[in-house]
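File shown: protein21.pdb. Contents: PDB, C-alpha atoms, pLDDT in the B column.
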```pdb
ATOM      1  CA  MET A   1       0.000   0.000   0.000  1.00 82.00           C
ATOM      2  CA  VAL A   2       2.635   2.559   1.148  1.00 95.00           C
ATOM      3  CA  GLN A   3       6.387   2.064   1.287  1.00 96.00           C
ATOM      4  CA  LEU A   4       9.308   4.421   1.844  1.00 97.00           C
ATOM      5  CA  ILE A   5      12.673   2.799   1.146  1.00 97.00           C
ATOM      6  CA  ASP A   6      15.813   4.626   2.346  1.00 98.00           C
ATOM      7  CA  VAL A   7      14.238   8.002   1.520  1.00 97.00           C
ATOM      8  CA  PHE A   8      16.235  11.219   1.693  1.00 97.00           C
ATOM      9  CA  LYS A   9      14.902  14.696   0.988  1.00 97.00           C
ATOM     10  CA  SER A  10      16.940  17.884   0.810  1.00 96.00           C
ATOM     11  CA  TYR A  11      15.522  21.276  -0.161  1.00 94.00           C
ATOM     12  CA  GLU A  12      17.234  23.949  -2.236  1.00 90.00           C
ATOM     13  CA  ASN A  13      17.908  26.051   0.869  1.00 91.00           C
ATOM     14  CA  GLY A  14      20.085  23.231   2.217  1.00 87.00           C
ATOM     15  CA  THR A  15      17.581  21.806   4.697  1.00 91.00           C
ATOM     16  CA  LYS A  16      17.913  18.043   5.051  1.00 94.00           C
ATOM     17  CA  ALA A  17      14.330  17.117   5.855  1.00 96.00           C
ATOM     18  CA  LEU A  18      14.596  13.323   5.653  1.00 97.00           C
ATOM     19  CA  ARG A  19      17.690  11.215   6.306  1.00 96.00           C
ATOM     20  CA  GLY A  20      17.127   7.617   5.254  1.00 96.00           C
ATOM     21  CA  VAL A  21      13.492   6.988   6.187  1.00 97.00           C
ATOM     22  CA  ASN A  22      12.103   3.453   5.945  1.00 97.00           C
ATOM     23  CA  PHE A  23       8.586   2.293   6.771  1.00 95.00           C
ATOM     24  CA  LYS A  24       5.732   0.365   5.232  1.00 96.00           C
ATOM     25  CA  LEU A  25       1.956   0.609   5.720  1.00 95.00           C
ATOM     26  CA  GLY A  26      -0.041  -2.467   4.849  1.00 94.00           C
ATOM     27  CA  ALA A  27      -3.506  -2.389   3.321  1.00 94.00           C
ATOM     28  CA  GLY A  28      -6.140  -1.655   5.956  1.00 94.00           C
ATOM     29  CA  GLU A  29      -3.645  -0.517   8.596  1.00 96.00           C
ATOM     30  CA  PHE A  30      -4.210   2.369  11.050  1.00 97.00           C
ATOM     31  CA  SER A  31      -1.025   4.172  12.129  1.00 96.00           C
ATOM     32  CA  PHE A  32       0.056   7.390  13.776  1.00 96.00           C
ATOM     33  CA  LEU A  33       3.038   9.430  12.539  1.00 96.00           C
ATOM     34  CA  VAL A  34       4.341  11.625  15.347  1.00 94.00           C
ATOM     35  CA  GLY A  35       7.202  14.008  15.943  1.00 92.00           C
ATOM     36  CA  PRO A  36       8.072  17.591  16.883  1.00 90.00           C
ATOM     37  CA  SER A  37       7.773  20.555  14.551  1.00 88.00           C
ATOM     38  CA  GLY A  38      10.400  20.360  11.817  1.00 89.00           C
ATOM     39  CA  SER A  39      10.951  16.623  12.272  1.00 93.00           C
ATOM     40  CA  GLY A  40       9.952  15.706   8.702  1.00 94.00           C
ATOM     41  CA  LYS A  41       6.251  14.880   9.053  1.00 95.00           C
ATOM     42  CA  SER A  42       5.078  17.456   6.508  1.00 93.00           C
ATOM     43  CA  THR A  43       7.728  16.350   4.030  1.00 96.00           C
ATOM     44  CA  ILE A  44       6.462  12.775   4.268  1.00 97.00           C
ATOM     45  CA  ILE A  45       2.901  13.947   3.566  1.00 95.00           C
ATOM     46  CA  LYS A  46       4.084  15.856   0.485  1.00 94.00           C
ATOM     47  CA  LEU A  47       5.971  12.804  -0.740  1.00 95.00           C
ATOM     48  CA  LEU A  48       2.963  10.516  -0.296  1.00 95.00           C
ATOM     49  CA  THR A  49       0.681  12.873  -2.237  1.00 93.00           C
ATOM     50  CA  GLY A  50       3.177  13.393  -5.054  1.00 91.00           C
ATOM     51  CA  GLU A  51       3.605  17.097  -4.305  1.00 91.00           C
ATOM     52  CA  ILE A  52       7.371  16.648  -4.143  1.00 93.00           C
ATOM     53  CA  ALA A  53       9.821  13.899  -5.141  1.00 92.00           C
ATOM     54  CA  PRO A  54      12.522  12.357  -2.946  1.00 95.00           C
ATOM     55  CA  THR A  55      16.123  13.401  -3.393  1.00 95.00           C
ATOM     56  CA  ASP A  56      17.080   9.762  -3.054  1.00 96.00           C
ATOM     57  CA  GLY A  57      15.333   6.501  -2.191  1.00 97.00           C
ATOM     58  CA  THR A  58      11.971   5.106  -3.301  1.00 97.00           C
ATOM     59  CA  VAL A  59       8.378   6.108  -2.500  1.00 97.00           C
ATOM     60  CA  ILE A  60       5.548   3.758  -3.487  1.00 96.00           C
ATOM     61  CA  VAL A  61       1.878   4.583  -2.887  1.00 96.00           C
ATOM     62  CA  ASN A  62      -1.017   2.387  -3.998  1.00 94.00           C
ATOM     63  CA  GLY A  63       1.092   0.743  -6.678  1.00 92.00           C
ATOM     64  CA  PHE A  64       2.520   4.014  -8.033  1.00 93.00           C
ATOM     65  CA  ASN A  65       6.287   4.557  -7.902  1.00 94.00           C
ATOM     66  CA  LEU A  66       6.477   8.273  -7.181  1.00 92.00           C
ATOM     67  CA  ASN A  67      10.104   8.554  -8.264  1.00 89.00           C
ATOM     68  CA  ASN A  68       9.182   8.283 -11.922  1.00 86.00           C
ATOM     69  CA  ILE A  69       5.405   8.684 -12.070  1.00 89.00           C
ATOM     70  CA  LYS A  70       4.162  10.301 -15.272  1.00 89.00           C
ATOM     71  CA  MET A  71       2.112  13.490 -15.001  1.00 88.00           C
ATOM     72  CA  SER A  72      -0.725  11.715 -16.791  1.00 90.00           C
ATOM     73  CA  LYS A  73      -0.898   9.251 -13.866  1.00 90.00           C
ATOM     74  CA  MET A  74      -0.976  11.888 -11.114  1.00 87.00           C
ATOM     75  CA  PRO A  75      -4.790  12.286 -11.147  1.00 86.00           C
ATOM     76  CA  TYR A  76      -5.147   8.525 -10.607  1.00 89.00           C
ATOM     77  CA  LEU A  77      -2.721   8.650  -7.679  1.00 90.00           C
ATOM     78  CA  ARG A  78      -4.583  11.528  -6.073  1.00 86.00           C
ATOM     79  CA  ARG A  79      -7.941   9.815  -6.462  1.00 88.00           C
ATOM     80  CA  SER A  80      -6.528   6.926  -4.451  1.00 94.00           C
ATOM     81  CA  VAL A  81      -5.338   9.194  -1.603  1.00 95.00           C
ATOM     82  CA  GLY A  82      -7.676  11.332   0.508  1.00 94.00           C
ATOM     83  CA  VAL A  83      -6.132  14.118   2.609  1.00 93.00           C
ATOM     84  CA  ILE A  84      -7.723  15.741   5.671  1.00 93.00           C
ATOM     85  CA  PHE A  85      -6.268  19.077   6.783  1.00 86.00           C
ATOM     86  CA  GLN A  86      -6.191  20.767  10.180  1.00 82.00           C
ATOM     87  CA  ASP A  87      -7.802  23.947   8.820  1.00 86.00           C
ATOM     88  CA  PHE A  88     -10.629  22.070   7.030  1.00 88.00           C
ATOM     89  CA  ARG A  89     -10.218  24.031   3.724  1.00 89.00           C
ATOM     90  CA  LEU A  90     -13.944  24.103   3.014  1.00 94.00           C
ATOM     91  CA  ILE A  91     -15.516  26.438   0.439  1.00 94.00           C
ATOM     92  CA  PRO A  92     -17.446  29.000   2.548  1.00 94.00           C
ATOM     93  CA  LYS A  93     -20.245  29.754   0.081  1.00 93.00           C
ATOM     94  CA  LYS A  94     -21.001  26.123  -0.736  1.00 96.00           C
ATOM     95  CA  THR A  95     -23.239  23.865   1.337  1.00 97.00           C
ATOM     96  CA  VAL A  96     -22.016  20.722   3.056  1.00 97.00           C
ATOM     97  CA  TYR A  97     -23.378  18.660   0.162  1.00 97.00           C
ATOM     98  CA  GLU A  98     -21.743  20.932  -2.425  1.00 97.00           C
ATOM     99  CA  ASN A  99     -18.369  20.877  -0.648  1.00 96.00           C
ATOM    100  CA  VAL A 100     -18.302  17.084  -0.727  1.00 97.00           C
ATOM    101  CA  ALA A 101     -19.712  16.833  -4.253  1.00 97.00           C
ATOM    102  CA  PHE A 102     -17.029  19.262  -5.465  1.00 95.00           C
ATOM    103  CA  ALA A 103     -14.364  16.591  -4.925  1.00 93.00           C
ATOM    104  CA  MET A 104     -16.291  14.223  -7.194  1.00 93.00           C
ATOM    105  CA  HIS A 105     -16.898  16.860  -9.868  1.00 92.00           C
ATOM    106  CA  ALA A 106     -13.132  17.540  -9.855  1.00 89.00           C
ATOM    107  CA  ILE A 107     -12.414  14.019 -11.123  1.00 88.00           C
ATOM    108  CA  GLY A 108     -15.236  14.030 -13.673  1.00 89.00           C
ATOM    109  CA  ALA A 109     -17.755  11.856 -11.821  1.00 90.00           C
ATOM    110  CA  SER A 110     -21.199  11.625 -13.386  1.00 94.00           C
ATOM    111  CA  PRO A 111     -24.139  13.491 -11.786  1.00 94.00           C
ATOM    112  CA  ARG A 112     -25.741  10.097 -11.105  1.00 96.00           C
ATOM    113  CA  ASP A 113     -22.687   8.877  -9.198  1.00 95.00           C
ATOM    114  CA  VAL A 114     -22.558  12.138  -7.224  1.00 95.00           C
ATOM    115  CA  ARG A 115     -26.219  11.835  -6.213  1.00 95.00           C
ATOM    116  CA  LYS A 116     -25.599   8.270  -5.050  1.00 95.00           C
ATOM    117  CA  ARG A 117     -22.255   8.637  -3.287  1.00 96.00           C
ATOM    118  CA  VAL A 118     -22.476  11.993  -1.461  1.00 97.00           C
ATOM    119  CA  PRO A 119     -25.522  11.149   0.715  1.00 96.00           C
ATOM    120  CA  TYR A 120     -23.921   7.812   1.642  1.00 95.00           C
ATOM    121  CA  VAL A 121     -20.690   9.483   2.814  1.00 95.00           C
ATOM    122  CA  LEU A 122     -22.538  12.243   4.684  1.00 96.00           C
ATOM    123  CA  ASP A 123     -24.527   9.578   6.521  1.00 95.00           C
ATOM    124  CA  LEU A 124     -21.288   7.740   7.336  1.00 93.00           C
ATOM    125  CA  VAL A 125     -19.838  10.832   9.059  1.00 94.00           C
ATOM    126  CA  GLY A 126     -23.122  11.743  10.757  1.00 94.00           C
ATOM    127  CA  LEU A 127     -23.971  14.833   8.705  1.00 95.00           C
ATOM    128  CA  ASP A 128     -26.875  13.586   6.601  1.00 94.00           C
ATOM    129  CA  LEU A 129     -29.241  16.047   8.285  1.00 95.00           C
ATOM    130  CA  LYS A 130     -26.928  19.033   7.682  1.00 96.00           C
ATOM    131  CA  ALA A 131     -26.353  18.635   3.940  1.00 96.00           C
ATOM    132  CA  LYS A 132     -27.940  21.998   3.109  1.00 96.00           C
ATOM    133  CA  MET A 133     -26.038  24.003   5.719  1.00 97.00           C
ATOM    134  CA  CYS A 134     -22.938  26.117   5.017  1.00 96.00           C
ATOM    135  CA  PRO A 135     -19.640  25.739   6.903  1.00 95.00           C
ATOM    136  CA  PHE A 136     -20.168  28.871   9.021  1.00 94.00           C
ATOM    137  CA  GLU A 137     -23.317  27.276  10.450  1.00 96.00           C
ATOM    138  CA  LEU A 138     -21.383  24.271  11.753  1.00 95.00           C
ATOM    139  CA  SER A 139     -19.186  23.664  14.789  1.00 93.00           C
ATOM    140  CA  GLY A 140     -15.476  23.001  14.349  1.00 91.00           C
ATOM    141  CA  GLY A 141     -15.991  19.279  14.827  1.00 92.00           C
ATOM    142  CA  GLU A 142     -18.756  19.253  12.218  1.00 94.00           C
ATOM    143  CA  GLN A 143     -16.576  21.155   9.762  1.00 94.00           C
ATOM    144  CA  GLN A 144     -13.862  18.554  10.231  1.00 93.00           C
ATOM    145  CA  ARG A 145     -16.435  15.837   9.539  1.00 94.00           C
ATOM    146  CA  VAL A 146     -17.221  17.573   6.243  1.00 96.00           C
ATOM    147  CA  ALA A 147     -13.514  17.541   5.442  1.00 94.00           C
ATOM    148  CA  ILE A 148     -13.401  13.815   6.230  1.00 95.00           C
ATOM    149  CA  ALA A 149     -16.439  13.191   4.015  1.00 95.00           C
ATOM    150  CA  ARG A 150     -14.769  15.106   1.177  1.00 95.00           C
ATOM    151  CA  ALA A 151     -11.597  13.016   1.562  1.00 95.00           C
ATOM    152  CA  LEU A 152     -13.666   9.817   1.534  1.00 94.00           C
ATOM    153  CA  VAL A 153     -16.086  10.553  -1.264  1.00 94.00           C
ATOM    154  CA  ASN A 154     -13.892   9.251  -4.108  1.00 94.00           C
ATOM    155  CA  ASN A 155     -13.372   5.987  -2.202  1.00 92.00           C
ATOM    156  CA  PRO A 156      -9.581   6.277  -1.713  1.00 94.00           C
ATOM    157  CA  ASN A 157      -7.401   3.379  -0.601  1.00 95.00           C
ATOM    158  CA  LEU A 158      -5.486   5.648   1.770  1.00 96.00           C
ATOM    159  CA  ILE A 159      -6.546   8.505   4.056  1.00 96.00           C
ATOM    160  CA  ILE A 160      -3.855  10.878   5.358  1.00 96.00           C
ATOM    161  CA  ALA A 161      -5.088  13.038   8.243  1.00 95.00           C
ATOM    162  CA  ASP A 162      -2.724  15.982   8.808  1.00 93.00           C
ATOM    163  CA  GLU A 163      -3.211  17.218  12.395  1.00 91.00           C
ATOM    164  CA  PRO A 164      -6.981  16.582  12.039  1.00 90.00           C
ATOM    165  CA  THR A 165      -7.743  17.567  15.637  1.00 88.00           C
ATOM    166  CA  GLY A 166      -5.436  20.565  15.979  1.00 84.00           C
ATOM    167  CA  ASN A 167      -8.298  23.095  16.091  1.00 81.00           C
ATOM    168  CA  LEU A 168     -10.658  21.028  18.258  1.00 86.00           C
ATOM    169  CA  ASP A 169     -11.239  20.537  21.974  1.00 88.00           C
ATOM    170  CA  PRO A 170     -10.408  17.146  23.560  1.00 88.00           C
ATOM    171  CA  ALA A 171     -13.963  15.757  23.331  1.00 88.00           C
ATOM    172  CA  ARG A 172     -14.324  16.651  19.633  1.00 89.00           C
ATOM    173  CA  SER A 173     -10.792  15.390  18.971  1.00 90.00           C
ATOM    174  CA  LEU A 174     -11.698  11.987  20.351  1.00 92.00           C
ATOM    175  CA  GLU A 175     -14.858  11.918  18.207  1.00 92.00           C
ATOM    176  CA  ILE A 176     -12.819  12.590  15.067  1.00 93.00           C
ATOM    177  CA  LEU A 177     -10.312   9.829  15.876  1.00 93.00           C
ATOM    178  CA  LEU A 178     -13.125   7.378  16.595  1.00 94.00           C
ATOM    179  CA  LEU A 179     -14.642   8.276  13.226  1.00 93.00           C
ATOM    180  CA  LEU A 180     -11.311   7.658  11.492  1.00 95.00           C
ATOM    181  CA  GLN A 181     -11.085   4.331  13.296  1.00 95.00           C
ATOM    182  CA  LYS A 182     -14.560   3.447  12.004  1.00 93.00           C
ATOM    183  CA  ILE A 183     -13.489   4.340   8.466  1.00 94.00           C
ATOM    184  CA  ASN A 184     -10.403   2.161   8.904  1.00 95.00           C
ATOM    185  CA  GLU A 185     -12.572  -0.747  10.032  1.00 95.00           C
ATOM    186  CA  LEU A 186     -14.418  -0.468   6.699  1.00 92.00           C
ATOM    187  CA  GLY A 187     -11.119  -1.238   4.937  1.00 94.00           C
ATOM    188  CA  THR A 188      -9.430   2.122   4.288  1.00 95.00           C
ATOM    189  CA  THR A 189      -5.781   2.531   5.290  1.00 96.00           C
ATOM    190  CA  VAL A 190      -5.425   5.501   7.670  1.00 97.00           C
ATOM    191  CA  LEU A 191      -2.303   7.489   8.566  1.00 97.00           C
ATOM    192  CA  VAL A 192      -2.846  10.156  11.226  1.00 96.00           C
ATOM    193  CA  VAL A 193      -0.102  12.771  11.521  1.00 95.00           C
ATOM    194  CA  THR A 194      -0.222  14.453  14.914  1.00 91.00           C
ATOM    195  CA  HIS A 195       1.708  15.712  17.917  1.00 84.00           C
ATOM    196  CA  GLU A 196      -1.103  15.206  20.464  1.00 85.00           C
ATOM    197  CA  LYS A 197       0.377  12.702  22.923  1.00 85.00           C
ATOM    198  CA  ALA A 198      -2.741  12.207  25.054  1.00 85.00           C
ATOM    199  CA  LEU A 199      -4.864  11.418  22.015  1.00 87.00           C
ATOM    200  CA  VAL A 200      -2.378   8.925  20.577  1.00 91.00           C
ATOM    201  CA  ASP A 201      -2.077   7.198  23.959  1.00 90.00           C
ATOM    202  CA  THR A 202      -5.843   6.622  23.955  1.00 90.00           C
ATOM    203  CA  PHE A 203      -5.558   4.209  21.018  1.00 91.00           C
ATOM    204  CA  SER A 204      -3.644   0.942  20.829  1.00 90.00           C
ATOM    205  CA  LYS A 205      -2.288   1.561  17.348  1.00 94.00           C
ATOM    206  CA  ARG A 206       1.064   1.502  15.624  1.00 95.00           C
ATOM    207  CA  VAL A 207       3.059   4.665  16.316  1.00 96.00           C
ATOM    208  CA  ILE A 208       5.833   5.771  13.948  1.00 96.00           C
ATOM    209  CA  ALA A 209       7.951   8.494  15.574  1.00 95.00           C
ATOM    210  CA  ILE A 210      10.245  10.742  13.566  1.00 95.00           C
ATOM    211  CA  ASP A 211      12.792  13.297  14.747  1.00 95.00           C
ATOM    212  CA  ASN A 212      15.390  15.244  12.784  1.00 95.00           C
ATOM    213  CA  GLY A 213      14.447  13.399   9.596  1.00 96.00           C
ATOM    214  CA  ARG A 214      14.956   9.911  11.011  1.00 96.00           C
ATOM    215  CA  ILE A 215      12.558   7.248  12.288  1.00 96.00           C
ATOM    216  CA  ILE A 216      13.384   6.840  15.975  1.00 95.00           C
ATOM    217  CA  SER A 217      10.607   4.487  17.038  1.00 93.00           C
ATOM    218  CA  ASP A 218       8.099   2.259  15.262  1.00 94.00           C
ATOM    219  CA  GLY A 219       5.734  -0.143  16.977  1.00 89.00           C
ATOM    220  CA  MET A 220       2.752  -0.798  19.203  1.00 77.00           C
ATOM    221  CA  ASP A 221       4.487   0.201  22.432  1.00 58.00           C
ATOM    222  CA  GLY A 222       2.687   3.509  22.682  1.00 54.00           C
ATOM    223  CA  TYR A 223       3.741   7.075  22.092  1.00 53.00           C
ATOM    224  CA  TYR A 224       7.448   7.808  21.923  1.00 54.00           C
ATOM    225  CA  ASN A 225       8.186  10.800  24.146  1.00 57.00           C
ATOM    226  CA  TYR A 226      10.181  12.763  21.590  1.00 49.00           C
ATOM    227  CA  GLU A 227      10.315  15.797  23.894  1.00 51.00           C
ATOM    228  CA  GLU A 228      13.004  13.974  25.845  1.00 41.00           C
ATOM    229  CA  VAL A 229      15.195  13.396  22.764  1.00 37.00           C
TER     230      VAL A 229
END
```

Could you express the structure from this file as structure tokens?
Amino acid sequence: MVQLIDVFKSYENGTKALRGVNFKLGAGEFSFLVGPSGSGKSTIIKLLTGEIAPTDGTVIVNGFNLNNIKMSKMPYLRRSVGVIFQDFRLIPKKTVYENVAFAMHAIGASPRDVRKRVPYVLDLVGLDLKAKMCPFELSGGEQQRVAIARALVNNPNLIIADEPTGNLDPARSLEILLLLQKINELGTTVLVVTHEKALVDTFSKRVIAIDNGRIISDGMDGYYNYEEV
């Protein structure tokens, strides 16, 4: 499903963001990627979505080798990967339904498929009764649920949640993680990128910890306390 093999990434300003990263996510797995600011988490997200290419090493996502992927294949890669952002990135003047449908229109889905799929996904995230509302009428947790629905609507193999609870209180944060766990149980691979120790410790999931561009811990032993590094 996802594999990084001895991946290095250096930027033009000289920053060495990744220094030989190796990890693999199997189909249907739920994992956390944790680490302090500047550790390399954002670089990994950009690599997995094809936004940037590695300086060295190999990145494979859903059968696509991102070292030499053709531009004509990029839309297919991005259909197979759903991304959830901390700041929701919803379109203010569109309704909940329209925000989610927009992701399907972007890949050329038929109106019939949109009418069938969007209500199903909104029901899955508990927003079926709020389809006609606009983002400003929703709570922060509800807005994040819209963002999750939008990431899910094209039925991706992989969901990457980038600090999905960063703008939410603890109760809403737990709700969002439980929803992502439910989505994972339906067969979608989920990678949650976060720095919220208490939230990660609530779940018995694989935790991949990164610091200074290197993987420093990977397993089911709980959250690596990178603040002590």

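Distance annotation: of A:Ser31, A:Thr43, A:Gln143, A:Thr55, the residue with the minimal separation from Ser204 in chain A is A:Ser31; atom set is only C-alpha atoms.
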
Q | CA of Gly57 in chain A to CA of Asn22 in chain A, distance in Å rounded to a single decimal | A |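 Distance reported for this atom pair: 9.3 Å.
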
Q: On this file, the PyMOL selection byres ((chain A and resi 93) around 8) gives some set of residues; write that set as a list of chain:residue names.
A: A:Ile91, A:Pro92, A:Lys94, A:Thr95, A:Cys134, A:Pro135

Q: Report the residues retrieved by the PyMOL selection byres ((chain A and resi 101) around 12) from the displayed file, expressed as JSON, numbers by chain.
A: {"A": [90, 91, 94, 95, 96, 97, 98, 99, 100, 102, 103, 104, 105, 106, 107, 108, 109, 110, 111, 112, 113, 114, 115, 116, 117, 118, 119, 120, 121, 122, 131, 146, 147, 149, 150, 151, 152, 153, 154]}

(Q) Running the PyMOL selection byres ((chain A and resi 156-169) around 7) on this model by hand, what would come out? Give it as a ChimeraX atom specification. (A) /A:79-86,140-141,152,154-155,170-173,188-194

Q) Please, what distance in Å, to one decimal, runs between CA of Ile215 in chain A and CA of Lys41 in chain A? A) 10.4 Å

**Q.** Nearest to Glu175 in chain A by atom-to-atom distance, counting all atoms listed in the file, from A:Val125, A:Ile52, A:Gly28, A:Val207
**A.** A:Val125

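Closest approach to Lys182 in chain A from the set A:Ile148, A:Ile69, A:Met133, A:Leu199 is made by A:Ile148, with distances taken over all atoms listed in the file.
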
**Q.** Closest of A:Met71, A:Leu47, A:Leu124, A:Leu129 to Leu180 in chain A - atom-to-atom distances counting all atoms listed in the file
**A.** A:Leu124

Once 5 Å is added on each side, what are the centre and the three edge lengths, in Å to one decimal, of the axis-aligned box enclosing the listed atoms of range 67-74 of chain A? Present them as AutoDock Vina command-line options.
```
--center_x 4.6 --center_y 10.9 --center_z -12.5 --size_x 21.1 --size_y 15.2 --size_z 18.5
```

Tell me which protein, DNA and RNA residues are within 9 Å of Gly40 in chain A, counting all atoms listed in the file, leaving out same-chain ones fewer than 4 positions away, and put them as an mmCIF file with C-alpha atoms, in the frame of the given file.
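Listed below is the output, out_12.cif:
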```
data_model
loop_
_atom_site.group_PDB
_atom_site.id
_atom_site.type_symbol
_atom_site.label_atom_id
_atom_site.label_comp_id
_atom_site.auth_asym_id
_atom_site.auth_seq_id
_atom_site.Cartn_x
_atom_site.Cartn_y
_atom_site.Cartn_z
ATOM 1 C CA ALA A 17 14.330 17.117 5.855
ATOM 2 C CA LEU A 18 14.596 13.323 5.653
ATOM 3 C CA GLY A 35 7.202 14.008 15.943
ATOM 4 C CA PRO A 36 8.072 17.591 16.883
ATOM 5 C CA ILE A 44 6.462 12.775 4.268
ATOM 6 C CA ILE A 45 2.901 13.947 3.566
ATOM 7 C CA ILE A 210 10.245 10.742 13.566
ATOM 8 C CA ASP A 211 12.792 13.297 14.747
ATOM 9 C CA ASN A 212 15.390 15.244 12.784
ATOM 10 C CA GLY A 213 14.447 13.399 9.596
ATOM 11 C CA ARG A 214 14.956 9.911 11.011
#
```

Q. How many Å lie between CA of Ile216 in chain A and CA of Gly14 in chain A, rounded to one decimal?
A. 22.4 Å
